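A.B. asks: Have a look at this one before I ask anything.
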Amino acid sequence: MTHTRHRSVIAATLTAVVLAAGCQSAGGTTPLSLKGLTETADGVPDDGASTCPLPYDVAEAAKAAGLDGEVGPGPVQDDGDTPVATGEGGKRAEPGEPLAENPGALVSCTFHIGQDDVQVHTIATRKPNAIAPLAPVISLLAGTSADDAIGYINKAADAEAGEVITTTSGNVASARLELDGDGDAALLVGAGESGDASLSRKQVGDLTKELAGQVQ
């Protein structure tokens with residue numbers, strides 16, 4: 001997916017679909033907060049960044065999940081124009097958009113593990129449910145209908161902090177995150193696309209659990 005398409009999919013669908021941390025330092029030493037994630041998202045340039053501003057050690061998480069493919073920032077097929085990270089919400093939120101109606105921020109980072117592109121979306125909002133604006137992203141990655149995505153969103157929103165919920169397709173998983181202070185937060189991880197991911201359902205879940213632990 002090109003940078004323009006990636007941003008337009010998220011921006012357009014965040015507006016269309018509304019459902020009912022400063023930069024964190026490496027090692028997760030700075031607690032994740034709504035204010036901090038918003039500042040991080042605001043600090044990402046409009047055309048994206050070449051590094052992920054959140055403390056994800058994907059190589060370590062992949063190792064813990066039993067994955068031995070080559071790990072690196074950005075997509076497998078890097079054309080040089082696709083950013084590693086983008087920011088949404090915060091100061092970029094337009095009136096009527098979900099991240100304006102329920103103030104919050106989204107930081108999306110892309111990595112690759114072996115032959116798979118891995119999208120890591122970190123979102124926080126003032127009120128529940130933080131994961132709701134990511135319904136269109138879930139639908140796209142998991143190859144599900146909007147109704148199925150909403151059903152998954154409802155299940156994920158009811159999960160306990162740290163509990164991993166995986167889609168039926170097996171290539172997308174999420175976990176609710178604990179915040180320092182008020183608000184709601186979630187991590188969404190997508191590996192490849194439905195039917196085209198080399199990671200197993202368990203590996204995607206384990207990877208999500210490990211990454212969630214890195215920002216707590």
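Within each chain, counting starts at residue 1; across the structure tokens, chains are named A, B, ... in the order shown, with ligands numbered 1 upward in that order.
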Report the closest atom pair, with its distance in Å rounded to one decimal, for each residue of range 122-141 of chain A that has an atom no farther than 6 Å from range 97-118 of chain A; count only C-alpha atoms, sort by chain and then rising residue number, and write it as a Markdown table.

C.D. replies:
| residue | atom | partner | partner_atom | distance |
| --- | --- | --- | --- | --- |
| A:Thr122 | CA | A:Val107 | CA | 5.3 |
| A:Ile123 | CA | A:Leu106 | CA | 4.4 |
| A:Ala124 | CA | A:Gly104 | CA | 5.4 |
| A:Thr125 | CA | A:Gly104 | CA | 4.0 |
| A:Arg126 | CA | A:Pro103 | CA | 5.6 |

A.B. asks: Generate a file of the selected residues that holds C-alpha atoms, formatted as an mmCIF file, in the first residue's frame.

C.D. replies:
data_model
loop_
_atom_site.group_PDB
_atom_site.id
_atom_site.type_symbol
_atom_site.label_atom_id
_atom_site.label_comp_id
_atom_site.auth_asym_id
_atom_site.auth_seq_id
_atom_site.Cartn_x
_atom_site.Cartn_y
_atom_site.Cartn_z
ATOM 1 C CA THR A 122 -1.347 2.357 18.680
ATOM 2 C CA ILE A 123 -4.437 4.399 19.513
ATOM 3 C CA ALA A 124 -5.698 6.233 22.598
ATOM 4 C CA THR A 125 -8.886 8.221 23.142
ATOM 5 C CA ARG A 126 -10.453 10.197 25.966
#

A.B. asks: Running DSSP on the backbone, which parts of range 52-159 of chain A land in helix (DSSP H, G or I), as number ranges by chain?

C.D. replies: A: 58-64, 90-92, 98-101, 132-142, 146-157

A.B. asks: Could you find all residues in chain A that DSSP calls strand (DSSP E or B) from the backbone, and write them as an mmCIF file with C-alpha atoms, in the first residue's frame?

C.D. replies:
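Below is the file that was written, selection-v7.cif:
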data_model
loop_
_atom_site.group_PDB
_atom_site.id
_atom_site.type_symbol
_atom_site.label_atom_id
_atom_site.label_comp_id
_atom_site.auth_asym_id
_atom_site.auth_seq_id
_atom_site.Cartn_x
_atom_site.Cartn_y
_atom_site.Cartn_z
ATOM 1 C CA ALA A 49 8.559 9.584 9.519
ATOM 2 C CA VAL A 71 13.003 -8.091 10.841
ATOM 3 C CA GLY A 72 13.280 -4.444 9.875
ATOM 4 C CA PRO A 73 11.446 -1.103 9.655
ATOM 5 C CA ALA A 85 5.318 5.892 10.725
ATOM 6 C CA THR A 86 2.307 8.187 10.377
ATOM 7 C CA GLY A 87 0.284 10.151 12.920
ATOM 8 C CA GLU A 88 -3.465 10.826 12.988
ATOM 9 C CA GLY A 89 -5.756 12.720 15.338
ATOM 10 C CA GLY A 104 -7.350 11.056 20.787
ATOM 11 C CA ALA A 105 -4.460 10.067 18.588
ATOM 12 C CA LEU A 106 -3.222 7.229 16.421
ATOM 13 C CA VAL A 107 0.385 6.347 15.656
ATOM 14 C CA SER A 108 0.804 3.732 12.925
ATOM 15 C CA CYS A 109 4.152 2.044 12.272
ATOM 16 C CA THR A 110 5.067 -0.459 9.573
ATOM 17 C CA PHE A 111 7.691 -3.181 9.944
ATOM 18 C CA HIS A 112 8.437 -6.394 8.128
ATOM 19 C CA ILE A 113 9.054 -9.882 9.454
ATOM 20 C CA ASP A 116 5.163 -10.179 5.711
ATOM 21 C CA ASP A 117 4.500 -6.500 6.241
ATOM 22 C CA VAL A 118 3.410 -5.940 9.836
ATOM 23 C CA GLN A 119 1.290 -2.917 10.711
ATOM 24 C CA VAL A 120 1.368 -1.767 14.339
ATOM 25 C CA HIS A 121 -1.363 0.727 15.238
ATOM 26 C CA THR A 122 -1.347 2.357 18.680
ATOM 27 C CA ILE A 123 -4.437 4.399 19.513
ATOM 28 C CA ALA A 124 -5.698 6.233 22.598
ATOM 29 C CA THR A 125 -8.886 8.221 23.142
ATOM 30 C CA ALA A 161 -6.124 -4.956 29.664
ATOM 31 C CA VAL A 164 -5.207 -10.502 23.118
ATOM 32 C CA ILE A 165 -8.166 -10.901 20.767
ATOM 33 C CA THR A 166 -7.495 -12.363 17.315
ATOM 34 C CA VAL A 172 -4.957 -9.485 12.920
ATOM 35 C CA ALA A 173 -4.930 -9.201 16.703
ATOM 36 C CA SER A 174 -5.444 -6.501 19.291
ATOM 37 C CA ALA A 175 -4.895 -5.865 22.968
ATOM 38 C CA ARG A 176 -6.255 -3.209 25.278
ATOM 39 C CA LEU A 177 -3.496 -1.105 26.802
ATOM 40 C CA ASP A 184 -8.734 4.212 26.762
ATOM 41 C CA ALA A 185 -6.062 2.678 24.532
ATOM 42 C CA ALA A 186 -5.495 -0.263 22.241
ATOM 43 C CA LEU A 187 -2.830 -1.897 20.122
ATOM 44 C CA LEU A 188 -3.748 -3.432 16.771
ATOM 45 C CA VAL A 189 -1.307 -5.634 14.860
ATOM 46 C CA GLY A 190 -1.888 -6.850 11.326
ATOM 47 C CA ALA A 191 0.399 -9.273 9.480
#

A.B. asks: For Lys63 in chain A, which residue among A:Ala130, A:Ala156, A:Ala212, A:Leu207 is the nearest when counting only C-alpha atoms?

C.D. replies: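 Ranking A:Ala130, A:Ala156, A:Ala212, A:Leu207 by distance to Lys63 in chain A, first place goes to A:Leu207.
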
A.B. asks: Please indicate the distance in Å from CA of Asp147 in chain A to CA of Thr167 in chain A, rounded to one decimal place.

C.D. replies: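 Result for CA of Asp147 in chain A versus CA of Thr167 in chain A: 13.0 Å, one decimal.
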
A.B. asks: Closest to Ser169 in chain A among A:Thr208, A:Gln216, A:Ser200, A:Thr51, using only C-alpha atoms?

C.D. replies: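 Counting only C-alpha atoms, the residue closest to Ser169 in chain A is A:Ser200.
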
A.B. asks: Between CA of Ser198 in chain A and CA of Glu160 in chain A, what is the distance, to one decimal in Å?

C.D. replies: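 Straight-line distance from CA of Ser198 in chain A to CA of Glu160 in chain A works out to 28.1 Å.
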
A.B. asks: Can you tell me which residues surround Glu210 in chain A at a distance of at most 8 Å, considering only C-alpha atoms, apart from same-chain residues fewer than 3 positions away, and format the answer as a list of chain:residue names?

C.D. replies: A:Ala61, A:Ala64, A:Ala65, A:Asp206, A:Leu207, A:Gly213, A:Gln214

A.B. asks: Would you please work out which residue, of A:Ile153, A:Glu163, A:Ile138, A:Pro75, is nearest to Lys209 in chain A when using only C-alpha atoms?

C.D. replies: A:Glu163
